[in-house]
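Have a look at the structure below, then the notes.
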Amino acid sequence: MRWCKNCGKVNTEWPSRCRHCGAGLDGRLCTRGHSNPIDPRLSFCGECGQPLEPKSGAGFSPTPYLIALAVVILMFLLSGLILFIFKEDPFMAALFAILILVFGLRLVFQILPPGVRNLVRDAVNLLMRLVFGTGNKG
Ligand SMILES: [Zn+2]
Ligand SMILES: [Zn+2]
């Protein structure tokens, strides 16, 4: 999920160009699609010398992070609820909790930028290793 500063709309996934208004989201784009730093003094591409597009949708927005955080919190609340509901049946509880975790993480991965995604994946791997032990060494 990528937020465009130029038109204020949200793009699904992580495109380098806004699907709504066409503004570059990686920085200021030239006519050939190279991304350049968001510096208003720049007017030509550092790579090919083509003029840069005046509009740019690049900029930090906390919205995707807040949504991802909300999804994670909701995920944990739901797993807690499932564990409570299926108190008598640990197998069903584990099954539903894992389903919710998988679904939630997929959603979070779609929202977060690719760099943060790898970080989350590493954290989950570490967590899994802590929970299930280091028995399966390949
Ligand atoms: Zn836009
Ligand atoms: Zn260029």
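Labels for the structure tokens follow display order: chains A, B, ..., residues from 1 in each chain, ligands from 1.
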
Just list as a PDB file with N, CA and C atoms, in the first residue's frame whatever in region 24-117 of chain A DSSP marks as alpha helix (DSSP H).
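Contents of the output file part_3.pdb:
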```pdb
ATOM      1  N   THR A  63       0.502   6.449   7.545  1.00  0.00           N
ATOM      2  CA  THR A  63      -0.752   5.698   7.405  1.00  0.00           C
ATOM      3  C   THR A  63      -0.544   4.185   7.216  1.00  0.00           C
ATOM      4  N   PRO A  64       0.311   3.740   6.239  1.00  0.00           N
ATOM      5  CA  PRO A  64       0.467   2.290   6.062  1.00  0.00           C
ATOM      6  C   PRO A  64       0.954   1.601   7.333  1.00  0.00           C
ATOM      7  N   TYR A  65       1.861   2.264   8.080  1.00  0.00           N
ATOM      8  CA  TYR A  65       2.404   1.665   9.294  1.00  0.00           C
ATOM      9  C   TYR A  65       1.316   1.546  10.361  1.00  0.00           C
ATOM     10  N   LEU A  66       0.463   2.589  10.456  1.00  0.00           N
ATOM     11  CA  LEU A  66      -0.624   2.557  11.429  1.00  0.00           C
ATOM     12  C   LEU A  66      -1.610   1.444  11.096  1.00  0.00           C
ATOM     13  N   ILE A  67      -1.934   1.303   9.792  1.00  0.00           N
ATOM     14  CA  ILE A  67      -2.872   0.252   9.382  1.00  0.00           C
ATOM     15  C   ILE A  67      -2.270  -1.120   9.673  1.00  0.00           C
ATOM     16  N   ALA A  68      -0.965  -1.286   9.349  1.00  0.00           N
ATOM     17  CA  ALA A  68      -0.296  -2.561   9.598  1.00  0.00           C
ATOM     18  C   ALA A  68      -0.313  -2.886  11.085  1.00  0.00           C
ATOM     19  N   LEU A  69      -0.055  -1.877  11.902  1.00  0.00           N
ATOM     20  CA  LEU A  69      -0.052  -2.065  13.352  1.00  0.00           C
ATOM     21  C   LEU A  69      -1.436  -2.493  13.828  1.00  0.00           C
ATOM     22  N   ALA A  70      -2.474  -1.825  13.291  1.00  0.00           N
ATOM     23  CA  ALA A  70      -3.851  -2.158  13.671  1.00  0.00           C
ATOM     24  C   ALA A  70      -4.166  -3.602  13.293  1.00  0.00           C
ATOM     25  N   VAL A  71      -3.716  -4.030  12.094  1.00  0.00           N
ATOM     26  CA  VAL A  71      -3.960  -5.409  11.645  1.00  0.00           C
ATOM     27  C   VAL A  71      -3.273  -6.393  12.590  1.00  0.00           C
ATOM     28  N   VAL A  72      -2.018  -6.076  12.978  1.00  0.00           N
ATOM     29  CA  VAL A  72      -1.264  -6.968  13.869  1.00  0.00           C
ATOM     30  C   VAL A  72      -1.968  -7.094  15.222  1.00  0.00           C
ATOM     31  N   ILE A  73      -2.428  -5.940  15.755  1.00  0.00           N
ATOM     32  CA  ILE A  73      -3.114  -5.948  17.057  1.00  0.00           C
ATOM     33  C   ILE A  73      -4.402  -6.773  16.962  1.00  0.00           C
ATOM     34  N   LEU A  74      -5.154  -6.552  15.888  1.00  0.00           N
ATOM     35  CA  LEU A  74      -6.403  -7.277  15.664  1.00  0.00           C
ATOM     36  C   LEU A  74      -6.139  -8.777  15.562  1.00  0.00           C
ATOM     37  N   MET A  75      -5.044  -9.112  14.867  1.00  0.00           N
ATOM     38  CA  MET A  75      -4.627 -10.498  14.672  1.00  0.00           C
ATOM     39  C   MET A  75      -4.395 -11.181  16.024  1.00  0.00           C
ATOM     40  N   PHE A  76      -3.656 -10.481  16.907  1.00  0.00           N
ATOM     41  CA  PHE A  76      -3.348 -11.062  18.211  1.00  0.00           C
ATOM     42  C   PHE A  76      -4.607 -11.173  19.073  1.00  0.00           C
ATOM     43  N   LEU A  77      -5.493 -10.164  18.984  1.00  0.00           N
ATOM     44  CA  LEU A  77      -6.744 -10.209  19.732  1.00  0.00           C
ATOM     45  C   LEU A  77      -7.579 -11.403  19.285  1.00  0.00           C
ATOM     46  N   LEU A  78      -7.663 -11.603  17.952  1.00  0.00           N
ATOM     47  CA  LEU A  78      -8.445 -12.712  17.398  1.00  0.00           C
ATOM     48  C   LEU A  78      -7.856 -14.054  17.824  1.00  0.00           C
ATOM     49  N   SER A  79      -6.512 -14.182  17.757  1.00  0.00           N
ATOM     50  CA  SER A  79      -5.890 -15.451  18.159  1.00  0.00           C
ATOM     51  C   SER A  79      -6.173 -15.715  19.633  1.00  0.00           C
ATOM     52  N   GLY A  80      -6.121 -14.651  20.452  1.00  0.00           N
ATOM     53  CA  GLY A  80      -6.411 -14.801  21.871  1.00  0.00           C
ATOM     54  C   GLY A  80      -7.841 -15.281  22.086  1.00  0.00           C
ATOM     55  N   LEU A  81      -8.761 -14.689  21.297  1.00  0.00           N
ATOM     56  CA  LEU A  81     -10.170 -15.059  21.384  1.00  0.00           C
ATOM     57  C   LEU A  81     -10.354 -16.524  20.988  1.00  0.00           C
ATOM     58  N   ILE A  82      -9.682 -16.941  19.891  1.00  0.00           N
ATOM     59  CA  ILE A  82      -9.777 -18.324  19.412  1.00  0.00           C
ATOM     60  C   ILE A  82      -9.266 -19.284  20.484  1.00  0.00           C
ATOM     61  N   LEU A  83      -8.117 -18.954  21.083  1.00  0.00           N
ATOM     62  CA  LEU A  83      -7.542 -19.805  22.128  1.00  0.00           C
ATOM     63  C   LEU A  83      -8.525 -19.936  23.286  1.00  0.00           C
ATOM     64  N   PHE A  84      -9.272 -18.837  23.555  1.00  0.00           N
ATOM     65  CA  PHE A  84     -10.239 -18.833  24.648  1.00  0.00           C
ATOM     66  C   PHE A  84     -11.457 -19.690  24.285  1.00  0.00           C
ATOM     67  N   ILE A  85     -11.949 -19.519  23.028  1.00  0.00           N
ATOM     68  CA  ILE A  85     -13.155 -20.240  22.586  1.00  0.00           C
ATOM     69  C   ILE A  85     -12.891 -21.752  22.534  1.00  0.00           C
ATOM     70  N   PRO A  90      -7.346 -27.959  21.982  1.00  0.00           N
ATOM     71  CA  PRO A  90      -6.107 -27.248  21.641  1.00  0.00           C
ATOM     72  C   PRO A  90      -5.723 -27.381  20.175  1.00  0.00           C
ATOM     73  N   PHE A  91      -6.084 -28.512  19.560  1.00  0.00           N
ATOM     74  CA  PHE A  91      -5.728 -28.711  18.152  1.00  0.00           C
ATOM     75  C   PHE A  91      -6.456 -27.711  17.268  1.00  0.00           C
ATOM     76  N   MET A  92      -7.781 -27.575  17.476  1.00  0.00           N
ATOM     77  CA  MET A  92      -8.568 -26.605  16.708  1.00  0.00           C
ATOM     78  C   MET A  92      -8.080 -25.190  16.984  1.00  0.00           C
ATOM     79  N   ALA A  93      -7.771 -24.909  18.256  1.00  0.00           N
ATOM     80  CA  ALA A  93      -7.291 -23.580  18.638  1.00  0.00           C
ATOM     81  C   ALA A  93      -6.015 -23.242  17.876  1.00  0.00           C
ATOM     82  N   ALA A  94      -5.068 -24.183  17.853  1.00  0.00           N
ATOM     83  CA  ALA A  94      -3.797 -23.956  17.165  1.00  0.00           C
ATOM     84  C   ALA A  94      -4.027 -23.760  15.673  1.00  0.00           C
ATOM     85  N   LEU A  95      -4.932 -24.585  15.112  1.00  0.00           N
ATOM     86  CA  LEU A  95      -5.213 -24.520  13.673  1.00  0.00           C
ATOM     87  C   LEU A  95      -5.760 -23.142  13.297  1.00  0.00           C
ATOM     88  N   PHE A  96      -6.783 -22.687  14.060  1.00  0.00           N
ATOM     89  CA  PHE A  96      -7.396 -21.397  13.761  1.00  0.00           C
ATOM     90  C   PHE A  96      -6.409 -20.247  13.991  1.00  0.00           C
ATOM     91  N   ALA A  97      -5.616 -20.353  15.082  1.00  0.00           N
ATOM     92  CA  ALA A  97      -4.655 -19.294  15.391  1.00  0.00           C
ATOM     93  C   ALA A  97      -3.637 -19.166  14.267  1.00  0.00           C
ATOM     94  N   ILE A  98      -3.166 -20.309  13.738  1.00  0.00           N
ATOM     95  CA  ILE A  98      -2.181 -20.281  12.651  1.00  0.00           C
ATOM     96  C   ILE A  98      -2.806 -19.687  11.395  1.00  0.00           C
ATOM     97  N   LEU A  99      -4.081 -20.073  11.111  1.00  0.00           N
ATOM     98  CA  LEU A  99      -4.789 -19.527   9.948  1.00  0.00           C
ATOM     99  C   LEU A  99      -4.862 -18.006  10.039  1.00  0.00           C
ATOM    100  N   ILE A 100      -5.217 -17.498  11.222  1.00  0.00           N
ATOM    101  CA  ILE A 100      -5.337 -16.055  11.409  1.00  0.00           C
ATOM    102  C   ILE A 100      -3.980 -15.381  11.237  1.00  0.00           C
ATOM    103  N   LEU A 101      -2.925 -15.994  11.802  1.00  0.00           N
ATOM    104  CA  LEU A 101      -1.588 -15.422  11.691  1.00  0.00           C
ATOM    105  C   LEU A 101      -1.151 -15.348  10.230  1.00  0.00           C
ATOM    106  N   VAL A 102      -1.382 -16.451   9.481  1.00  0.00           N
ATOM    107  CA  VAL A 102      -0.969 -16.490   8.070  1.00  0.00           C
ATOM    108  C   VAL A 102      -1.714 -15.426   7.271  1.00  0.00           C
ATOM    109  N   PHE A 103      -3.050 -15.357   7.489  1.00  0.00           N
ATOM    110  CA  PHE A 103      -3.871 -14.390   6.776  1.00  0.00           C
ATOM    111  C   PHE A 103      -3.453 -12.962   7.130  1.00  0.00           C
ATOM    112  N   GLY A 104      -3.256 -12.717   8.426  1.00  0.00           N
ATOM    113  CA  GLY A 104      -2.883 -11.383   8.893  1.00  0.00           C
ATOM    114  C   GLY A 104      -1.540 -10.938   8.353  1.00  0.00           C
ATOM    115  N   LEU A 105      -0.562 -11.869   8.363  1.00  0.00           N
ATOM    116  CA  LEU A 105       0.775 -11.518   7.886  1.00  0.00           C
ATOM    117  C   LEU A 105       0.771 -11.214   6.394  1.00  0.00           C
ATOM    118  N   ARG A 106      -0.027 -11.976   5.642  1.00  0.00           N
ATOM    119  CA  ARG A 106      -0.144 -11.707   4.199  1.00  0.00           C
ATOM    120  C   ARG A 106      -0.664 -10.294   3.960  1.00  0.00           C
ATOM    121  N   LEU A 107      -1.651  -9.918   4.781  1.00  0.00           N
ATOM    122  CA  LEU A 107      -2.249  -8.582   4.678  1.00  0.00           C
ATOM    123  C   LEU A 107      -1.204  -7.516   5.023  1.00  0.00           C
ATOM    124  N   VAL A 108      -0.459  -7.769   6.109  1.00  0.00           N
ATOM    125  CA  VAL A 108       0.561  -6.817   6.546  1.00  0.00           C
ATOM    126  C   VAL A 108       1.648  -6.680   5.478  1.00  0.00           C
ATOM    127  N   PHE A 109       2.027  -7.802   4.858  1.00  0.00           N
ATOM    128  CA  PHE A 109       3.062  -7.777   3.826  1.00  0.00           C
ATOM    129  C   PHE A 109       2.634  -6.948   2.626  1.00  0.00           C
ATOM    130  N   GLN A 110       1.305  -6.915   2.369  1.00  0.00           N
ATOM    131  CA  GLN A 110       0.820  -6.124   1.228  1.00  0.00           C
ATOM    132  C   GLN A 110       0.842  -4.635   1.540  1.00  0.00           C
ATOM    133  N   ILE A 111       0.743  -4.312   2.838  1.00  0.00           N
ATOM    134  CA  ILE A 111       0.657  -2.920   3.239  1.00  0.00           C
ATOM    135  C   ILE A 111       2.041  -2.288   3.357  1.00  0.00           C
ATOM    136  N   PRO A 114       8.685  -2.851   0.820  1.00  0.00           N
ATOM    137  CA  PRO A 114       9.489  -4.072   0.688  1.00  0.00           C
ATOM    138  C   PRO A 114      10.602  -4.185   1.733  1.00  0.00           C
ATOM    139  N   GLY A 115      11.262  -3.086   2.086  1.00  0.00           N
ATOM    140  CA  GLY A 115      12.352  -3.133   3.053  1.00  0.00           C
ATOM    141  C   GLY A 115      11.870  -3.590   4.416  1.00  0.00           C
ATOM    142  N   VAL A 116      10.738  -3.025   4.852  1.00  0.00           N
ATOM    143  CA  VAL A 116      10.182  -3.377   6.162  1.00  0.00           C
ATOM    144  C   VAL A 116       9.678  -4.807   6.144  1.00  0.00           C
ATOM    145  N   ARG A 117       9.170  -5.239   4.977  1.00  0.00           N
ATOM    146  CA  ARG A 117       8.667  -6.586   4.793  1.00  0.00           C
ATOM    147  C   ARG A 117       9.728  -7.622   5.164  1.00  0.00           C
TER     148      ARG A 117
END
```

Query raised in the report: Neighbours of Cys4 (chain A) within 10 Å (only C-alpha atoms; same-chain residues fewer than 5 positions away dropped), as a PyMOL selection string?
Result: chain A and resi 9-11+17-25+56-61

Would you mind exporting the chosen residues as a PDB file, in the first residue's frame, restricted to N, CA and C atoms?
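File written: result28.pdb
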```
ATOM      1  N   LYS A   9      -4.230   9.955  -2.669  1.00  0.00           N
ATOM      2  CA  LYS A   9      -4.906   8.666  -2.738  1.00  0.00           C
ATOM      3  C   LYS A   9      -3.931   7.539  -2.410  1.00  0.00           C
ATOM      4  N   VAL A  10      -4.490   6.376  -2.095  1.00  0.00           N
ATOM      5  CA  VAL A  10      -3.668   5.229  -1.707  1.00  0.00           C
ATOM      6  C   VAL A  10      -3.631   4.224  -2.852  1.00  0.00           C
ATOM      7  N   ASN A  11      -2.412   3.773  -3.200  1.00  0.00           N
ATOM      8  CA  ASN A  11      -2.248   2.730  -4.209  1.00  0.00           C
ATOM      9  C   ASN A  11      -2.080   1.381  -3.521  1.00  0.00           C
ATOM     10  N   ARG A  17       5.022   4.519  -9.472  1.00  0.00           N
ATOM     11  CA  ARG A  17       4.285   5.644 -10.035  1.00  0.00           C
ATOM     12  C   ARG A  17       2.837   5.544  -9.570  1.00  0.00           C
ATOM     13  N   CYS A  18       2.240   6.658  -9.148  1.00  0.00           N
ATOM     14  CA  CYS A  18       0.862   6.646  -8.651  1.00  0.00           C
ATOM     15  C   CYS A  18      -0.092   6.227  -9.761  1.00  0.00           C
ATOM     16  N   ARG A  19      -0.998   5.280  -9.460  1.00  0.00           N
ATOM     17  CA  ARG A  19      -1.934   4.800 -10.476  1.00  0.00           C
ATOM     18  C   ARG A  19      -3.081   5.782 -10.685  1.00  0.00           C
ATOM     19  N   HIS A  20      -3.234   6.745  -9.787  1.00  0.00           N
ATOM     20  CA  HIS A  20      -4.357   7.684  -9.892  1.00  0.00           C
ATOM     21  C   HIS A  20      -3.966   8.950 -10.656  1.00  0.00           C
ATOM     22  N   CYS A  21      -2.799   9.529 -10.319  1.00  0.00           N
ATOM     23  CA  CYS A  21      -2.439  10.794 -10.959  1.00  0.00           C
ATOM     24  C   CYS A  21      -1.142  10.690 -11.748  1.00  0.00           C
ATOM     25  N   GLY A  22      -0.427   9.554 -11.662  1.00  0.00           N
ATOM     26  CA  GLY A  22       0.778   9.362 -12.460  1.00  0.00           C
ATOM     27  C   GLY A  22       2.036   9.975 -11.883  1.00  0.00           C
ATOM     28  N   ALA A  23       1.962  10.562 -10.687  1.00  0.00           N
ATOM     29  CA  ALA A  23       3.149  11.156 -10.083  1.00  0.00           C
ATOM     30  C   ALA A  23       4.105  10.062  -9.624  1.00  0.00           C
ATOM     31  N   GLY A  24       5.421  10.342  -9.719  1.00  0.00           N
ATOM     32  CA  GLY A  24       6.425   9.380  -9.279  1.00  0.00           C
ATOM     33  C   GLY A  24       6.405   9.246  -7.764  1.00  0.00           C
ATOM     34  N   LEU A  25       6.512   8.006  -7.284  1.00  0.00           N
ATOM     35  CA  LEU A  25       6.441   7.790  -5.840  1.00  0.00           C
ATOM     36  C   LEU A  25       7.809   7.453  -5.235  1.00  0.00           C
ATOM     37  N   SER A  56       5.534  15.272  -7.939  1.00  0.00           N
ATOM     38  CA  SER A  56       6.039  14.069  -7.309  1.00  0.00           C
ATOM     39  C   SER A  56       5.147  13.708  -6.136  1.00  0.00           C
ATOM     40  N   GLY A  57       4.871  12.433  -6.000  1.00  0.00           N
ATOM     41  CA  GLY A  57       4.008  11.992  -4.903  1.00  0.00           C
ATOM     42  C   GLY A  57       4.812  11.377  -3.779  1.00  0.00           C
ATOM     43  N   ALA A  58       6.156  11.495  -3.860  1.00  0.00           N
ATOM     44  CA  ALA A  58       6.999  10.866  -2.846  1.00  0.00           C
ATOM     45  C   ALA A  58       6.906  11.615  -1.527  1.00  0.00           C
ATOM     46  N   GLY A  59       7.081  10.902  -0.464  1.00  0.00           N
ATOM     47  CA  GLY A  59       7.032  11.509   0.858  1.00  0.00           C
ATOM     48  C   GLY A  59       6.622  10.475   1.863  1.00  0.00           C
ATOM     49  N   PHE A  60       7.043  10.653   3.091  1.00  0.00           N
ATOM     50  CA  PHE A  60       6.727   9.662   4.107  1.00  0.00           C
ATOM     51  C   PHE A  60       5.311   9.852   4.619  1.00  0.00           C
ATOM     52  N   SER A  61       4.603   8.749   4.791  1.00  0.00           N
ATOM     53  CA  SER A  61       3.281   8.805   5.402  1.00  0.00           C
ATOM     54  C   SER A  61       3.173   7.710   6.448  1.00  0.00           C
TER      55      SER A  61
END
```

Query raised in the report: Running DSSP on the backbone, which parts of chain A land in strand (DSSP E or B), as a list in words?
Result: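 Reading the DSSP output for chain A, strand (DSSP E or B) covers Arg2, Trp3, Val10, Asn11, Arg17, Gly24, Arg28, Leu29, Cys30, Ser35, Asn36, Phe44, Pro51, Leu52 and Ser56 of chain A.
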
Report task. Within 6 Å of ligand 2, which residues show up when you count only C-alpha atoms and all ligand atoms? List them as a list in words, please. Result -> Cys30, Arg32, His34, Cys45, Glu47, Cys48 and Gln50 of chain A

Query raised in the report: So how many Å separate CA of Pro113 (chain A) and CA of Glu53 (chain A), to one decimal?
Result: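 A separation of 23.5 Å between them.
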
Requested in this report: Measuring atom to atom with only C-alpha atoms, identify which of A:Met1, A:Leu29, A:Leu130, A:Leu112 is nearest to Ser43 (chain A).
Outcome: A:Leu29

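Using only C-alpha atoms and all ligand atoms, the nearest neighbour of ligand 1 within the list A:Gly8, A:Arg28, A:Arg2, A:Pro54 is A:Gly8.
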
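Proximity ranking of A:Arg121, A:Lys55, A:Lys87, A:Pro40 relative to ligand 1 places A:Lys55 first, based on only C-alpha atoms and all ligand atoms.
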